[in-house]
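K.L.:
This is the structure I want to talk about, given as structure tokens.
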Amino acid sequence: MKCLNFFLVAFLFFLISLQTVAQDTDEYQFISPVPGSELNSRESTIIIRDGRFINPTSLAEPNLIQVVGSKSGLMSGELILSTDGKTVIFKPAQKFLPDEKVQVNLNLGLITTNDETLSQLQFSFGITPLSERLLLHEYLTDEYQISAPIHYLLEPDTLPANFPSIRTEVLGETAPGYVFLTVSRDIPNVGYYIMMLNNDGTPFYYKELPNDYSYDFKVQPNGKYSYAEFLNHHTFTGGGEVIHKVMDNSFTMIDSFQMGNGYIAEAHDFQLLPNGHSLLFAYDLQIMDLSELGGYPNAKVAQSVVQELDQNKNVIFQWRSSDYYDFDDSYSNRLTREAFDPIHVNS
């Protein structure tokens with residue numbers, strides 16, 4: 001009887017402890033992957049932010065964090081502090097295995113710069129069953145095919161022969177500055193140019209890209225220039241997979257940006273913030289059974305992923321549409337398609 005009482009007390013203590021730890025998740029400003037989420041990338045990092053500044057020496061505390069995969073077992077990795085001084089990131093030394101569950105335990109020992117100890121934290125998440133990332137461009141549909149324009153104007157003699165013809169029409173006063181343009185499709189006898197034009201259409205700056213067209217040429221909030229260099233052509237989401245290239249004020253290439261956690265950036269937008277952080281987004285294609293909703297049993301569904309990178313290009317924020325939206329939330333009527341994106345985030 002004493003033995004039974006002991007086990008009952010121990011079990012009750014375990015439940016209370018588990019509830020206490022679970023409640024502590026609400027004390028954290030940001031956790032990624034989202035606790036309880038599924039279909040996470042095999043290259044996911046663990047991101048934890050309390051909101052207070054962290055004493056970097058406390059990251060050296062032994063056994064501070066344990067990450068255990070149901071197939072991989074105890075994961076080794078690197079625990080780092082973001083340049084924001086608040087976000088703790090665990091980078092696994094190897095990829096997670098497909099379709100495994102991951103348990104994260106943050107133990108006591110993480111301390112703020114005010115000598116306050118952060119609460120314990122436990123959460124779990126699931127990994128995608130896909131061993132390799134599905135390529136969006138393999139599911140191109142006719143809906144997003146773009147045809148070249150029919151009419152052309154003669155090019156000025158002072159420009160390269162394959163420079164695109166420019167026709168401008170100014171209506172009233174315009175603000176100072178330049179018009180940013182790119183050649184963003186394959187056009188016969190026209191090169192892959194990025195351009196800064198005056199109001200009359202004459203170029204202030206232009207550059208021909210050697211291999212492919214680009215998107216999103218612009219000046220960033222920090223004064224640098226950027227454009228999206230394609231890795232794969234237009235996808236059924238209407239864009240493409242890219243790497244974002246950055247130039248300084250002399251148009252010298254100084255940097256490039258790609259998403260973390262195994263995702264590949266999309267072409268439509270990229271923000272390089274004054275604090276050195278960057279904002280990017282991607283589409284992540286997963287196979288889902290939508291037969292109960294009238295769709296395919298193995299539909300290819302592109303979830304939207306938005307990330308913020310710190311000055312060292314570590315992911316410190318990640319938002320996935322599948323963590324917050326159901327298919328019923330979308331106004332899209334694409335559920336019966338073999339491949340589609342229910343949440344379209346193109347800017």
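Chain labels A, B, ... are given in the sequence in which chains occur in the structure tokens; within each chain residues are numbered consecutively from 1, and ligands are likewise numbered from 1 in the order shown.
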When you look at range 207-223 of chain A with a cut-off of 10 Å (counting only C-alpha atoms), what residues show up, excluding the ones that are within fewer than 6 positions of it in the same chain? I need them as JSON, numbers by chain.
P.N.:
{"A": [160, 162, 163, 178, 179, 180, 181, 182, 183, 184, 185, 186, 190, 191, 192, 193, 194, 195, 196, 229, 230, 231, 232, 233, 239, 240, 242, 243, 244, 245, 246, 247, 248, 249, 251, 266, 267, 268, 269, 270, 271, 272, 273, 274, 275, 276]}
K.L.:
Write out the residues from the selection above, keeping N, CA and C atoms, as a compact mmCIF listing (two decimals), in the first residue's frame.
P.N.:
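Dumped to out14.txt:
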```txt
# COMPACT_ATOMS: atom_id res chain seq x y z
N PRO A 160 23.26 49.17 -75.81
CA PRO A 160 23.50 47.86 -76.41
C PRO A 160 22.32 47.42 -77.29
N ASN A 162 20.79 44.73 -77.50
CA ASN A 162 19.77 43.91 -76.84
C ASN A 162 19.15 44.62 -75.64
N PHE A 163 19.36 45.94 -75.52
CA PHE A 163 18.73 46.70 -74.44
C PHE A 163 17.24 46.85 -74.75
N TYR A 178 14.61 57.82 -59.41
CA TYR A 178 14.69 57.02 -60.61
C TYR A 178 13.61 55.94 -60.60
N VAL A 179 13.34 55.44 -61.79
CA VAL A 179 12.41 54.32 -61.95
C VAL A 179 13.23 53.05 -62.03
N PHE A 180 12.92 52.08 -61.15
CA PHE A 180 13.65 50.81 -61.11
C PHE A 180 12.89 49.78 -61.93
N LEU A 181 13.57 49.14 -62.87
CA LEU A 181 12.95 48.14 -63.73
C LEU A 181 13.87 46.95 -63.90
N THR A 182 13.28 45.81 -64.21
CA THR A 182 14.04 44.62 -64.60
C THR A 182 13.38 43.98 -65.81
N VAL A 183 14.17 43.32 -66.61
CA VAL A 183 13.62 42.42 -67.63
C VAL A 183 13.30 41.12 -66.91
N SER A 184 12.03 40.80 -66.79
CA SER A 184 11.60 39.69 -65.93
C SER A 184 10.91 38.58 -66.69
N ARG A 185 11.32 38.38 -67.92
CA ARG A 185 10.83 37.27 -68.71
C ARG A 185 11.79 37.07 -69.88
N ASP A 186 11.65 35.96 -70.54
CA ASP A 186 12.45 35.71 -71.74
C ASP A 186 11.80 36.42 -72.92
N VAL A 190 16.36 40.42 -76.40
CA VAL A 190 16.45 41.36 -75.28
C VAL A 190 17.25 40.70 -74.15
N GLY A 191 18.22 41.41 -73.60
CA GLY A 191 19.05 40.88 -72.54
C GLY A 191 18.37 40.94 -71.18
N TYR A 192 18.98 40.28 -70.22
CA TYR A 192 18.45 40.25 -68.85
C TYR A 192 19.02 41.45 -68.08
N TYR A 193 18.34 42.58 -68.17
CA TYR A 193 18.85 43.83 -67.60
C TYR A 193 18.14 44.19 -66.29
N ILE A 194 18.91 44.82 -65.39
CA ILE A 194 18.34 45.61 -64.31
C ILE A 194 18.66 47.06 -64.64
N MET A 195 17.72 47.97 -64.35
CA MET A 195 17.84 49.35 -64.85
C MET A 195 17.33 50.36 -63.84
N MET A 196 18.00 51.52 -63.79
CA MET A 196 17.50 52.71 -63.13
C MET A 196 17.35 53.77 -64.21
N GLU A 229 18.08 37.24 -57.91
CA GLU A 229 18.67 36.44 -58.99
C GLU A 229 18.05 35.05 -58.98
N PHE A 230 17.47 34.65 -60.09
CA PHE A 230 16.70 33.42 -60.13
C PHE A 230 17.59 32.18 -60.08
N LEU A 231 17.13 31.19 -59.32
CA LEU A 231 17.71 29.85 -59.31
C LEU A 231 16.84 28.89 -60.10
N ASN A 232 15.52 29.10 -60.02
CA ASN A 232 14.55 28.34 -60.80
C ASN A 232 13.51 29.31 -61.35
N HIS A 233 12.97 29.00 -62.52
CA HIS A 233 12.05 29.90 -63.19
C HIS A 233 10.69 29.94 -62.50
N GLY A 239 6.00 33.11 -58.96
CA GLY A 239 7.31 33.74 -58.78
C GLY A 239 8.43 32.79 -59.12
N GLY A 240 9.35 32.60 -58.22
CA GLY A 240 10.47 31.71 -58.46
C GLY A 240 11.40 31.67 -57.27
N VAL A 242 15.02 32.11 -55.60
CA VAL A 242 16.08 33.08 -55.91
C VAL A 242 17.09 33.15 -54.78
N ILE A 243 18.17 33.85 -55.07
CA ILE A 243 19.08 34.36 -54.05
C ILE A 243 19.09 35.88 -54.20
N HIS A 244 19.00 36.60 -53.10
CA HIS A 244 18.92 38.06 -53.14
C HIS A 244 20.34 38.65 -53.10
N LYS A 245 20.67 39.43 -54.13
CA LYS A 245 21.99 40.03 -54.25
C LYS A 245 21.93 41.50 -53.82
N VAL A 246 22.98 41.96 -53.13
CA VAL A 246 23.03 43.33 -52.60
C VAL A 246 24.25 44.05 -53.15
N MET A 247 24.04 45.31 -53.59
CA MET A 247 25.11 46.16 -54.11
C MET A 247 25.20 47.44 -53.27
N ASP A 248 26.40 48.01 -53.20
CA ASP A 248 26.56 49.28 -52.50
C ASP A 248 26.25 50.45 -53.44
N ASN A 249 26.54 51.68 -52.98
CA ASN A 249 26.19 52.86 -53.77
C ASN A 249 26.99 52.99 -55.06
N PHE A 251 27.41 50.36 -56.91
CA PHE A 251 26.88 49.21 -57.64
C PHE A 251 27.86 48.03 -57.65
N GLU A 266 11.91 33.33 -52.09
CA GLU A 266 11.05 33.60 -53.24
C GLU A 266 11.38 34.99 -53.79
N ALA A 267 10.99 35.24 -55.04
CA ALA A 267 11.49 36.39 -55.78
C ALA A 267 10.82 37.72 -55.46
N HIS A 268 9.62 37.71 -54.92
CA HIS A 268 8.81 38.92 -54.95
C HIS A 268 9.21 40.00 -53.96
N ASP A 269 9.89 39.65 -52.88
CA ASP A 269 10.23 40.71 -51.93
C ASP A 269 11.39 40.29 -51.06
N PHE A 270 12.13 41.30 -50.61
CA PHE A 270 13.27 41.16 -49.71
C PHE A 270 13.51 42.52 -49.10
N GLN A 271 13.63 42.57 -47.77
CA GLN A 271 13.86 43.83 -47.08
C GLN A 271 15.14 43.74 -46.26
N LEU A 272 16.04 44.69 -46.48
CA LEU A 272 17.27 44.79 -45.70
C LEU A 272 17.12 46.00 -44.79
N LEU A 273 16.94 45.76 -43.51
CA LEU A 273 16.55 46.80 -42.56
C LEU A 273 17.74 47.62 -42.09
N PRO A 274 17.50 48.83 -41.59
CA PRO A 274 18.60 49.68 -41.12
C PRO A 274 19.43 49.06 -39.99
N ASN A 275 18.84 48.15 -39.20
CA ASN A 275 19.58 47.53 -38.11
C ASN A 275 20.40 46.32 -38.57
N GLY A 276 20.45 46.07 -39.88
CA GLY A 276 21.23 44.95 -40.40
C GLY A 276 20.47 43.66 -40.48
```
K.L.:
Can you check which parts of range 43-114 of chain A lie within 12 Å of range 277-281 of chain A? Per residue, the shortest pair of atoms and distance in Å to one decimal, counting only C-alpha atoms, sorted by chain and number, as JSON lines.
P.N.:
```
{"residue": "A:Ser82", "atom": "CA", "partner": "A:His277", "partner_atom": "CA", "distance": 10.9}
{"residue": "A:Thr83", "atom": "CA", "partner": "A:His277", "partner_atom": "CA", "distance": 9.5}
{"residue": "A:Asp84", "atom": "CA", "partner": "A:His277", "partner_atom": "CA", "distance": 9.4}
```
K.L.:
Based on the selection just made, write C-alpha atoms of those residues as a PDB file, in the first residue's frame.
P.N.:
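In the end it all went to again07.pdb:
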```pdb
ATOM      1  CA  SER A  82      21.762  36.296 -31.775  1.00  0.00           C
ATOM      2  CA  THR A  83      23.196  39.730 -32.427  1.00  0.00           C
ATOM      3  CA  ASP A  84      19.979  41.148 -30.935  1.00  0.00           C
TER       4      ASP A  84
END
```
K.L.:
To test your reading of the structure, identify every residue in range 156-336 of chain A that backbone DSSP assigns to strand (DSSP E or B), and report it as number ranges by chain.
P.N.:
A: 179-182, 192-197, 203-209, 214-219, 225-230, 241-247, 253-257, 266, 271-272, 278-288, 299-309, 315-320
K.L.:
Do a neighbour search on range 286-291 of chain A at 9 Å with only C-alpha atoms, toss out local chain neighbours closer than 6 positions, and write the hits as a PyMOL selection string.
P.N.:
chain A and resi 39+128-130+133-134+297-303+335-336
K.L.:
So, with only C-alpha atoms as the atoms that count, which of A:Asp323, A:Glu78, A:Glu38, A:Asp284 lies closest to Phe90 in chain A?
P.N.:
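Under the stated criterion, the closest residue is A:Glu78.
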K.L.:
Mind pulling up the distance from CA of Tyr205 in chain A to CA of Thr252 in chain A?
P.N.:
12.4 Å
K.L.:
Smallest atom-to-atom distance to Met75 in chain A: which of A:Ile264, A:Ile89, A:Val104, A:Leu59, using only C-alpha atoms?
P.N.:
A:Val104
K.L.:
With distances taken over only C-alpha atoms, which of A:Lys224, A:Ile111, A:Ile47, A:Phe30 is nearest to Leu64 in chain A?
P.N.:
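Among the listed residues, A:Ile111 lies closest to Leu64 in chain A.
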K.L.:
Please give the complete set of residues from range 146-335 of chain A that DSSP, run on the backbone, assigns to helix (DSSP H, G or I), formatted as a list in words.
P.N.:
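Of range 146-335 of chain A, only Ser291, Glu292, Leu293, Ser321, Ser322, Asp323, Phe327, Asp328 and Asp329 of chain A fall in helix (DSSP H, G or I).
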K.L.:
What is the distance, in Å and to one decimal place, between CA of Asp50 in chain A and CA of Leu309 in chain A?
P.N.:
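About the pair CA of Asp50 in chain A and CA of Leu309 in chain A: they are 17.3 Å apart.
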